[in-house]
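**Q** Next comes the structure file entry-v1.cif, holding mmCIF, C-alpha atoms and all ligand atoms.
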data_input
loop_
_atom_site.label_atom_id
_atom_site.label_comp_id
_atom_site.auth_asym_id
_atom_site.auth_seq_id
_atom_site.Cartn_x
_atom_site.Cartn_y
_atom_site.Cartn_z
CA MET A 23 91.73 62.72 112.12
CA LEU A 24 89.56 60.23 110.26
CA LYS A 25 90.48 59.95 106.60
CA LYS A 26 88.10 58.73 103.96
CA ILE A 27 89.54 56.37 101.39
CA LEU A 28 87.96 55.22 98.17
CA LEU A 29 89.40 51.85 97.23
CA ILE A 30 88.78 50.69 93.66
CA GLU A 31 89.88 47.09 93.38
CA ASP A 32 88.16 44.24 91.56
CA ASN A 33 90.10 41.47 93.29
CA GLU A 34 88.23 40.76 96.49
CA GLY A 35 91.20 39.17 98.21
CA ASP A 36 93.53 42.11 97.46
CA SER A 37 90.87 44.52 98.64
CA ARG A 38 90.30 42.72 101.94
CA LEU A 39 94.02 42.35 102.60
CA LEU A 40 94.69 46.04 102.13
CA GLN A 41 91.84 46.99 104.46
CA GLU A 42 93.12 44.61 107.12
CA LEU A 43 96.71 45.87 106.87
CA LEU A 44 95.55 49.47 107.30
CA PHE A 45 93.29 48.55 110.18
CA ASP A 46 96.07 46.65 111.99
CA ALA A 47 98.50 49.54 111.61
CA HIS A 48 96.07 52.35 112.54
CA PRO A 49 92.72 51.12 113.84
CA GLY A 50 90.03 53.76 113.37
CA ARG A 51 92.15 56.15 111.32
CA TYR A 52 90.69 55.23 107.95
CA GLU A 53 87.17 54.86 106.68
CA ILE A 54 87.22 52.83 103.49
CA SER A 55 84.57 52.65 100.78
CA SER A 56 85.27 49.96 98.26
CA ALA A 57 84.27 49.74 94.61
CA VAL A 58 84.97 46.86 92.24
CA THR A 59 84.81 48.67 88.90
CA LEU A 60 85.93 52.08 87.65
CA GLN A 61 82.31 53.02 86.94
CA GLU A 62 81.32 52.24 90.50
CA GLY A 63 84.32 54.18 91.78
CA LEU A 64 83.37 57.23 89.70
CA MET A 65 79.86 57.04 91.13
CA TYR A 66 81.30 57.13 94.64
CA LEU A 67 83.32 60.21 93.64
CA ASN A 68 80.13 61.84 92.42
CA ASP A 69 78.35 61.37 95.69
CA GLY A 70 80.96 61.82 98.37
CA GLU A 71 84.13 63.53 99.47
CA PHE A 72 87.28 61.45 99.76
CA ASP A 73 90.71 62.28 101.09
CA VAL A 74 92.42 59.84 98.77
CA VAL A 75 91.67 57.28 96.05
CA LEU A 76 93.54 53.97 95.88
CA THR A 77 92.94 52.30 92.57
CA ASP A 78 93.99 49.07 90.98
CA LEU A 79 95.49 49.48 87.51
CA ASP A 80 93.86 46.39 86.01
CA LEU A 81 90.17 47.05 86.35
CA PRO A 82 87.68 45.10 84.24
CA ASP A 83 86.19 48.26 82.71
CA SER A 84 89.32 50.33 82.12
CA ASP A 85 92.80 50.03 80.70
CA LYS A 86 95.89 50.76 82.72
CA LYS A 87 96.69 54.22 81.50
CA ASN A 88 93.27 55.83 81.42
CA THR A 89 92.08 54.90 84.90
CA VAL A 90 93.75 57.81 86.66
CA THR A 91 92.69 60.27 83.95
CA TYR A 92 89.05 59.30 84.45
CA ILE A 93 89.35 59.72 88.20
CA GLN A 94 91.06 63.09 87.86
CA ASN A 95 88.50 64.33 85.38
CA LYS A 96 85.79 63.46 87.85
CA ASN A 97 87.63 65.03 90.77
CA PRO A 98 90.76 67.06 90.01
CA VAL A 99 91.64 67.74 93.65
CA VAL A 100 91.65 64.23 95.13
CA PRO A 101 95.06 62.51 95.42
CA VAL A 102 95.36 59.16 93.64
CA ILE A 103 97.57 56.21 94.49
CA VAL A 104 97.78 53.36 91.99
CA LEU A 105 98.06 49.73 93.03
CA SER A 106 99.95 47.52 90.65
CA GLY A 107 101.41 44.07 90.46
CA CYS A 108 105.22 44.01 90.42
CA GLU A 109 105.16 43.18 86.70
CA SER A 110 103.52 46.57 85.99
CA GLU A 111 105.80 48.70 88.13
CA LYS A 112 107.16 50.49 85.08
CA VAL A 113 103.66 51.48 83.99
CA ALA A 114 102.80 52.55 87.53
CA ARG A 115 105.82 54.83 87.59
CA GLU A 116 104.77 56.36 84.27
CA ILE A 117 101.32 57.00 85.65
CA VAL A 118 102.80 58.86 88.60
CA GLN A 119 104.64 61.02 86.10
CA MET A 120 101.32 61.68 84.38
CA GLY A 121 99.78 62.98 87.59
CA ALA A 122 99.05 60.25 90.15
CA GLN A 123 100.60 61.01 93.53
CA ASP A 124 102.18 57.64 94.30
CA TYR A 125 102.07 53.91 93.57
CA LEU A 126 102.15 50.77 95.72
CA ILE A 127 103.17 47.30 94.63
CA LYS A 128 100.67 44.73 95.80
CA GLY A 129 102.05 42.24 98.30
CA GLN A 130 104.94 44.52 99.23
CA GLY A 131 105.02 46.42 102.50
CA ASP A 132 102.84 46.52 105.55
CA GLY A 133 100.04 48.77 106.77
CA TYR A 134 102.49 51.38 108.03
CA LEU A 135 104.04 51.75 104.61
CA ILE A 136 100.65 52.02 102.92
CA SER A 137 99.58 54.55 105.51
CA ARG A 138 102.70 56.57 104.93
CA ALA A 139 102.05 56.56 101.17
CA ILE A 140 98.52 57.82 101.83
CA GLU A 141 99.60 60.69 104.10
CA TYR A 142 102.42 61.63 101.76
CA SER A 143 100.10 61.63 98.73
CA ILE A 144 97.61 63.91 100.45
CA GLU A 145 100.44 66.28 101.32
CA ARG A 146 101.90 66.12 97.85
CA LYS A 147 98.57 66.81 96.18
CA ARG A 148 97.96 69.75 98.51
CA ASN A 149 101.29 71.27 97.51
CA GLU A 150 100.61 70.69 93.83
CA GLN A 151 97.22 72.31 94.26
CA GLY A 152 98.80 75.27 96.02
CA LEU A 153 101.21 75.78 93.13
CA HIS A 154 98.37 75.36 90.69
CA ASN A 155 96.34 78.01 92.51
CA LEU A 156 99.28 80.37 92.60
CA ALA A 157 99.69 80.04 88.86
CA HIS A 158 96.01 80.26 87.96
CA TYR A 159 94.36 82.67 90.36
CA ASP A 160 94.65 86.39 90.96
CA HIS A 161 96.12 86.79 94.43
CA LEU A 162 94.16 89.95 95.27
CA THR A 163 90.64 88.90 94.36
CA GLY A 164 90.90 85.12 94.16
CA LEU A 165 89.38 85.27 90.69
CA ALA A 166 90.81 83.36 87.73
CA ASN A 167 93.87 85.10 86.31
CA ARG A 168 94.76 85.60 82.68
CA LEU A 169 96.22 82.10 82.31
CA LEU A 170 93.17 80.29 83.67
CA PHE A 171 90.93 82.66 81.74
CA ARG A 172 92.61 81.59 78.50
CA GLU A 173 92.22 77.91 79.38
CA ARG A 174 88.56 78.37 80.20
CA LEU A 175 87.95 80.35 77.03
CA ASP A 176 89.45 77.61 74.87
CA ARG A 177 87.27 75.08 76.65
CA ALA A 178 84.21 77.31 76.16
CA PHE A 179 84.85 77.36 72.38
CA ILE A 180 84.93 73.55 72.21
CA ARG A 181 81.75 73.35 74.23
CA ALA A 182 79.96 75.91 72.07
CA ASP A 183 80.94 74.06 68.90
CA ARG A 184 79.56 70.84 70.32
CA HIS A 185 76.31 72.29 71.65
CA LYS A 186 75.84 74.84 68.83
CA THR A 187 75.60 77.62 71.39
CA ILE A 188 77.17 81.06 71.73
CA VAL A 189 79.93 82.18 74.10
CA ALA A 190 79.76 85.78 75.25
CA LEU A 191 82.99 87.47 76.29
CA PHE A 192 82.63 90.52 78.50
CA VAL A 193 85.46 92.96 79.08
CA ILE A 194 84.67 95.16 82.05
CA ASP A 195 86.72 98.21 83.01
CA LEU A 196 85.79 100.33 86.02
CA ASP A 197 85.08 103.99 85.41
CA ARG A 198 87.42 106.57 86.90
CA PHE A 199 88.90 104.03 89.22
CA LYS A 200 92.05 106.13 89.45
CA ASN A 201 90.07 108.65 91.53
CA VAL A 202 89.63 106.05 94.28
CA ASN A 203 93.35 105.38 94.44
CA ASP A 204 94.13 109.08 94.31
CA THR A 205 91.70 110.14 97.02
CA LEU A 206 91.61 107.17 99.42
CA GLY A 207 94.86 105.40 98.66
CA HIS A 208 95.94 102.22 96.94
CA ASP A 209 94.81 99.92 99.78
CA ALA A 210 91.27 101.28 99.59
CA GLY A 211 91.48 100.75 95.83
CA ASP A 212 92.45 97.14 96.42
CA GLU A 213 89.59 96.67 98.86
CA LEU A 214 87.19 98.02 96.29
CA LEU A 215 88.52 95.66 93.60
CA VAL A 216 87.84 92.70 95.91
CA MET A 217 84.26 93.87 96.51
CA VAL A 218 83.68 94.38 92.81
CA ALA A 219 85.02 90.88 92.16
CA ASN A 220 82.50 89.43 94.61
CA ARG A 221 79.62 91.31 93.05
CA LEU A 222 80.59 90.12 89.59
CA LYS A 223 80.73 86.54 90.83
CA ASN A 224 77.14 86.89 92.03
CA CYS A 225 75.95 87.86 88.56
CA ILE A 226 76.93 84.62 86.85
CA ARG A 227 76.10 80.95 86.91
CA ALA A 228 78.35 78.23 88.26
CA GLY A 229 79.74 77.16 84.88
CA ASP A 230 80.76 80.68 83.84
CA THR A 231 84.08 82.34 84.63
CA VAL A 232 84.96 85.74 86.04
CA ALA A 233 88.61 86.67 85.72
CA ARG A 234 90.74 89.66 86.55
CA LEU A 235 93.11 90.50 83.74
CA GLY A 236 94.91 93.18 85.73
CA GLY A 237 94.32 96.65 87.14
CA ASP A 238 90.64 97.50 87.13
CA GLU A 239 89.91 95.25 84.15
CA PHE A 240 87.78 92.12 84.52
CA THR A 241 86.38 89.62 82.03
CA ILE A 242 83.50 87.22 82.12
CA ILE A 243 83.02 84.14 79.96
CA ILE A 244 79.35 83.23 79.57
CA ASN A 245 78.71 79.73 78.27
CA ASP A 246 75.72 78.29 76.48
CA LEU A 247 74.08 81.49 75.38
CA VAL A 248 71.11 80.76 73.14
CA LYS A 249 70.06 84.30 72.23
CA ILE A 250 72.29 87.33 71.80
CA GLU A 251 69.77 89.35 73.81
CA ASP A 252 70.69 87.31 76.88
CA ALA A 253 74.15 88.88 76.83
CA ALA A 254 72.50 92.31 77.13
CA LEU A 255 70.39 91.07 80.04
CA ILE A 256 73.48 89.96 81.93
CA ALA A 257 75.27 93.22 81.15
CA ASN A 258 72.34 95.19 82.54
CA LYS A 259 72.34 93.02 85.62
CA ILE A 260 76.00 93.85 86.21
CA ILE A 261 75.35 97.56 85.73
CA ASP A 262 72.45 97.32 88.20
CA VAL A 263 74.34 95.53 90.96
CA MET A 264 77.11 98.11 90.72
CA LYS A 265 74.63 100.92 91.40
CA ASN A 266 74.62 100.21 95.13
CA PRO A 267 77.43 101.97 96.96
CA LEU A 268 80.41 99.99 98.22
CA ASN A 269 81.60 100.66 101.72
CA VAL A 270 85.34 101.10 101.64
CA SER A 271 87.25 102.54 104.63
CA SER A 272 83.93 103.81 106.00
CA HIS A 273 83.19 105.74 102.81
CA ASP A 274 80.26 104.96 100.55
CA LEU A 275 81.78 104.74 97.10
CA TYR A 276 79.99 104.63 93.80
CA ILE A 277 81.80 102.89 91.01
CA SER A 278 80.38 102.06 87.62
CA PRO A 279 81.54 99.65 84.91
CA SER A 280 81.98 100.08 81.18
CA ILE A 281 81.34 96.78 79.44
CA GLY A 282 82.31 95.59 75.99
CA ILE A 283 80.88 92.35 74.62
CA SER A 284 81.96 90.11 71.78
CA LEU A 285 80.42 86.79 70.79
CA TYR A 286 81.86 83.48 69.66
CA PRO A 287 81.65 82.42 66.86
CA ILE A 288 80.00 85.54 65.39
CA ASP A 289 82.63 88.17 66.20
CA GLY A 290 85.75 86.04 66.13
CA LEU A 291 87.04 82.49 66.24
CA THR A 292 90.16 82.94 68.35
CA ALA A 293 90.71 84.16 71.89
CA GLU A 294 92.84 87.01 70.56
CA SER A 295 90.32 88.37 68.10
CA LEU A 296 87.44 88.00 70.52
CA LEU A 297 89.32 89.78 73.27
CA LYS A 298 90.40 92.56 70.94
CA ASN A 299 86.86 93.05 69.74
CA ALA A 300 85.40 93.06 73.25
CA ASP A 301 88.07 95.60 74.17
CA ASN A 302 87.07 97.85 71.29
CA ALA A 303 83.45 97.58 72.33
CA MET A 304 84.44 98.49 75.90
CA TYR A 305 86.20 101.63 74.64
CA ARG A 306 83.07 102.56 72.77
CA ALA A 307 81.10 102.18 76.01
CA LYS A 308 83.59 104.57 77.64
CA GLY A 309 83.13 106.94 74.71
CA ASN A 310 79.37 106.74 75.05
CA GLY A 311 79.56 108.23 78.52
CA ARG A 312 80.59 105.19 80.65
CA ASN A 313 78.37 103.11 82.97
CA CYS A 314 76.93 101.27 79.96
CA PHE A 315 77.66 98.32 77.72
CA SER A 316 78.37 98.05 74.05
CA LEU A 317 78.19 95.04 71.75
CA TYR A 318 80.95 94.66 69.23
CA THR A 319 79.94 95.32 65.65
CA SER A 320 82.20 94.56 62.73
CA ASP A 321 82.06 98.14 61.43
CA MET A 322 83.57 99.16 64.73
CA SER A 323 87.04 98.05 63.83
CA ALA A 324 86.91 99.98 60.57
CA ALA A 325 85.69 103.11 62.34
CA LEU A 326 88.23 102.64 65.08
CA GLN A 327 90.98 102.08 62.57
CA SER A 328 90.28 105.29 60.69
CA LYS A 329 90.15 107.12 63.99
CA LEU A 330 93.52 105.71 64.98
CA ASP A 331 94.94 106.70 61.59
CA LEU A 332 93.67 110.20 62.08
CA GLU A 333 95.22 110.37 65.52
CA THR A 334 98.62 109.46 64.10
CA LYS A 335 98.31 112.03 61.35
CA LEU A 336 97.13 114.62 63.82
CA ARG A 337 100.17 114.07 66.01
CA ARG A 338 102.49 114.55 63.04
CA ALA A 339 100.60 117.56 61.77
CA THR A 340 102.12 119.88 64.38
CA ASP A 341 105.66 118.88 63.48
CA LYS A 342 104.98 119.23 59.80
CA GLN A 343 103.37 122.63 60.39
CA GLU A 344 100.19 121.65 58.61
CA PHE A 345 98.05 123.86 60.82
CA VAL A 346 97.32 127.30 59.44
CA LEU A 347 95.55 130.23 60.99
CA HIS A 348 92.81 132.05 59.17
CA TYR A 349 91.90 135.49 60.48
CA GLN A 350 88.29 136.58 60.36
CA PRO A 351 88.01 140.33 60.73
CA LYS A 352 85.54 141.89 63.17
CA PHE A 353 83.93 145.16 62.17
CA SER A 354 82.05 147.51 64.42
CA ILE A 355 78.80 148.42 62.62
CA ASN A 356 78.39 151.69 64.54
CA ASP A 357 81.66 153.38 63.62
CA ARG A 358 82.41 151.15 60.64
CA LYS A 359 85.85 150.26 61.87
CA LEU A 360 87.95 147.13 61.97
CA ILE A 361 88.18 146.37 65.71
CA GLY A 362 89.90 143.01 65.74
CA ALA A 363 90.01 139.53 64.29
CA GLU A 364 89.16 135.97 65.29
CA ALA A 365 91.92 133.45 64.75
CA LEU A 366 90.58 130.18 63.33
CA ILE A 367 92.74 127.11 63.10
CA ARG A 368 92.64 125.05 59.93
CA TRP A 369 94.32 121.78 59.15
CA PHE A 370 95.66 121.69 55.66
CA HIS A 371 96.54 118.08 55.03
CA PRO A 372 98.82 117.47 52.00
CA GLU A 373 96.75 114.49 50.80
CA GLU A 374 93.31 115.10 52.16
CA GLY A 375 93.17 118.84 51.75
CA MET A 376 91.33 120.97 54.25
CA VAL A 377 90.13 118.85 57.22
CA SER A 378 87.14 120.36 58.99
CA PRO A 379 87.74 121.55 62.55
CA SER A 380 84.52 119.78 63.53
CA ILE A 381 86.41 116.54 62.88
CA PHE A 382 89.86 117.22 64.23
CA ILE A 383 89.10 119.46 67.26
CA PRO A 384 87.11 116.79 69.17
CA LEU A 385 89.76 114.21 68.30
CA ALA A 386 92.60 116.47 69.42
CA GLU A 387 90.70 117.04 72.66
CA GLU A 388 90.23 113.31 73.18
CA PHE A 389 93.90 112.63 72.52
CA GLY A 390 94.95 115.40 74.90
CA GLN A 391 96.53 117.52 72.17
CA ILE A 392 94.59 120.71 72.76
N1 LIG B 1 94.41 99.84 94.00
C1 LIG B 1 94.87 99.30 92.86
N2 LIG B 1 94.94 100.06 91.74
C2 LIG B 1 95.40 99.51 90.60
C3 LIG B 1 95.82 98.18 90.54
N3 LIG B 1 96.24 97.92 89.28
C4 LIG B 1 96.08 99.06 88.57
N4 LIG B 1 95.56 100.04 89.35
C5 LIG B 1 95.20 101.40 88.96
O1 LIG B 1 93.96 101.33 88.29
C6 LIG B 1 93.81 102.47 87.45
C7 LIG B 1 93.15 102.01 86.15
O2 LIG B 1 93.08 103.07 85.30
P1 LIG B 1 92.20 103.17 84.01
O3 LIG B 1 91.20 102.09 83.91
O4 LIG B 1 93.13 103.34 82.86
O5 LIG B 1 91.51 104.56 84.25
P2 LIG B 1 90.27 104.91 85.15
O6 LIG B 1 90.66 105.93 86.15
O7 LIG B 1 89.59 103.71 85.67
O8 LIG B 1 89.35 105.64 84.07
P3 LIG B 1 88.50 104.96 82.90
O9 LIG B 1 88.78 103.49 82.93
O10 LIG B 1 88.97 105.59 81.64
O11 LIG B 1 87.09 105.28 83.21
C8 LIG B 1 95.21 103.07 87.29
O12 LIG B 1 95.24 104.29 88.00
C9 LIG B 1 96.13 102.04 87.97
O13 LIG B 1 97.19 102.67 88.65
C10 LIG B 1 95.75 97.40 91.74
O14 LIG B 1 96.10 96.22 91.79
N5 LIG B 1 95.27 98.00 92.86
MG MG B 2 89.21 102.07 84.45
#
For the file at hand, write its structure as structure tokens.
**A**
Amino acid sequence: MLKKILLIEDNEGDSRLLQELLFDAHPGRYEISSAVTLQEGLMYLNDGEFDVVLTDLDLPDSDKKNTVTYIQNKNPVVPVIVLSGCESEKVAREIVQMGAQDYLIKGQGDGYLISRAIEYSIERKRNEQGLHNLAHYDHLTGLANRLLFRERLDRAFIRADRHKTIVALFVIDLDRFKNVNDTLGHDAGDELLVMVANRLKNCIRAGDTVARLGGDEFTIIINDLVKIEDAALIANKIIDVMKNPLNVSSHDLYISPSIGISLYPIDGLTAESLLKNADNAMYRAKGNGRNCFSLYTSDMSAALQSKLDLETKLRRATDKQEFVLHYQPKFSINDRKLIGAEALIRWFHPEEGMVSPSIFIPLAEEFGQI
């Protein structure tokens, strides 16, 4: 199969020799584009697809060590082989350690050896890429996983600082997803997660990231937001696209999302705080009846905190026997007799006194303590 090579070499003689050696060894196997400066090489990488880049280390517009970094920044998937004089072999070896796939010493070896280095580099890069994918992508949906999500989020912060824009972080959890697993099985659940992933991908622009953090929980990083309102627009778009049924195992399923949103730098400056806040907002969306979104507000953590405190106290209250029953007698008006009593539960808290049932009953219900 024809392989496309980008050769970046400022010495015309070296460039011609290498092309001739490759041609003699394997006529017609390689198509070579040649550039004489790094800038020209990077332009080639912009415009076309290459199977491999061969680059000289001593280019007029670059220093030895940065050449490969520039190439990899432009195209992270293309394998790179460095060409060095024998006096720079040590540097060449270091550069391979930094991420180039191989090096060749000019004037050593024939076309067969160069060809072998090329094939081997392509193979090696493919393996590296495979390992990279395994480590960075969710195997079920193909979305970014938690690791890549964190890398992208850090990059989004830097970008937002530079451009004075906002990053929106969405945490999306599917509503009652357990029902799908329980009624149609885990495989159907998996199938549904893949379809949801594809729909989410369609809601965002190329520079944004959708990730699956695990289970039925997804996140989206939206870059370059100018107005906060735009985050709400995108959230509504997601809710809308999820309204159409998904066909899983010949069933039409309806699944809705609950979305929590936090914004950088307004709601937090670190990945942890932003994620925690988006999570809290997502729980509020669940609490508001699901299939909706909620923007994080700073009072939310205070409200949430006092709710969590109350939950803890409520759990201990049973052990400490802080609940008391008050009996309200029932009289029959007709025969003026006591005919029974209603038992009313009261929470007598040692510090806070009598806590109203209108506060603790809904909480106890929510926490499954009733
Ligand atoms: N099919 C499938 N199910 C998963 C996977 N990972 C987690 N789950 C299930 O996803 C469900 C997620 O549950 P939750 O989000 O807590 O609950 P839910 O039923 O969606 O209800 P709410 O989120 O509260 O609306 C659990 O039942 C998990 O067992 C997976 O990879 N595949
Ligand atoms: Mg869920």
**Q** Please provide as a list in words all residues within 7 Å of stretch 197-214 of chain A, with the sequence filter that same-chain residues fewer than 4 positions apart are discarded (counting all atoms listed in the file).
**A**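 My list of contacting residues is Val218, Val270, Ser271, Ile277, Ser278, Pro279, Ser280 and Arg312 of chain A.
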**Q** Write out as a VMD selection string each polymer residue whose atoms come within 6 Å of stretch 58-62 of chain A, counting all atoms listed in the file; drop sequence neighbours fewer than 4 positions from it.
**A** chain A and resid 30 to 32
**Q** A:Ile256, A:Leu332, A:Leu175, A:Ile103: which is nearest A:Leu385, counting all atoms listed in the file?
**A**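 Of A:Ile256, A:Leu332, A:Leu175, A:Ile103, the one nearest A:Leu385, counting all atoms listed in the file, is A:Leu332.
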**Q** Set the distance at 9 Å and use all atoms listed in the file: which residues neighbour A:Gly121 once local chain neighbours fewer than 5 positions away are removed? I'd like the list as an MDAnalysis selection string.
**A** chainID A and resid 90:91 94 102 116
**Q** Please list as a ChimeraX atom specification every residue within 12 Å of A:Ile281, counting all atoms listed in the file and excluding residues in the same chain fewer than 3 positions away.
**A** /A:190-197,239-242,253-254,256-261,278,284,299-318
**Q** Of the residues A:Leu156, A:Val113, A:Lys352, A:Leu169, which is the one nearest to A:Asp85, using all atoms listed in the file?
**A**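 Going through A:Leu156, A:Val113, A:Lys352, A:Leu169 one by one, the smallest distance to A:Asp85 is for A:Val113.
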**Q** So which one's closest to ligand LIG 1 (chain B), A:Val216, A:Pro372, A:Pro287, A:Leu268? Using only C-alpha atoms and all ligand atoms, please.
**A** A:Val216
**Q** Enclose stretch 246-260 of chain A, meaning all of its atoms listed in the file, in a box aligned along x, y and z, pad it by 4 Å on each side, and list the centre and edge lengths in Å to one decimal, as JSON.
**A**
{"center_x": 72.9, "center_y": 86.7, "center_z": 79.0, "size_x": 14.2, "size_y": 24.9, "size_z": 22.4}
**Q** Would you compute the distance between atom CA of A:Cys225 and atom CA of A:Leu67? Give it in Å to one decimal.
**A**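 Pair atom CA of A:Cys225 / atom CA of A:Leu67 returns 29.1 Å.
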**Q** Report the distance between atom CA of A:Asp73 and atom CA of A:Asp230 in Å, rounded to one decimal place.
**A**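 Spanning atom CA of A:Asp73 to atom CA of A:Asp230 is a straight-line distance of 27.1 Å.
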**Q** For A:Asp69, which residue among A:His185, A:Lys96, A:Lys249, A:Lys86 is the nearest when counting only C-alpha atoms?
**A**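 Of A:His185, A:Lys96, A:Lys249, A:Lys86, the one nearest A:Asp69, counting only C-alpha atoms, is A:Lys96.
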**Q** Record the distance separating atom CA of A:Leu39 and atom CA of A:Ile117, expressed in Å with one decimal.
**A** 23.6 Å
**Q** Hey, which of A:Gly236, A:Thr89, A:Leu24, A:Leu162 ends up closest to ligand MG 2 (chain B)? Count all atoms listed in the file.
**A**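 Smallest separation from ligand MG 2 (chain B) among the options: A:Gly236.
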**Q** List the neighbours of stretch 367-370 of chain A out to 7 Å using only C-alpha atoms; skip same-chain residues closer than 6 positions along the sequence, and give me the result as number ranges by chain.
**A** A: 344-348, 376-377, 379
**Q** Which residue is closest to A:Val104? Choose from A:Leu76, A:Glu34, A:Ala365, A:Pro82 and count all atoms listed in the file.
**A**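 Closest to A:Val104, using all atoms listed in the file: A:Leu76.
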**Q** List the residues sitting within 12 Å of (105.0, 42.3, 99.7) in the file's frame, using all atoms listed in the file, as a ChimeraX atom specification.
**A** /A:36,39-40,43,106-108,126-133,135-136
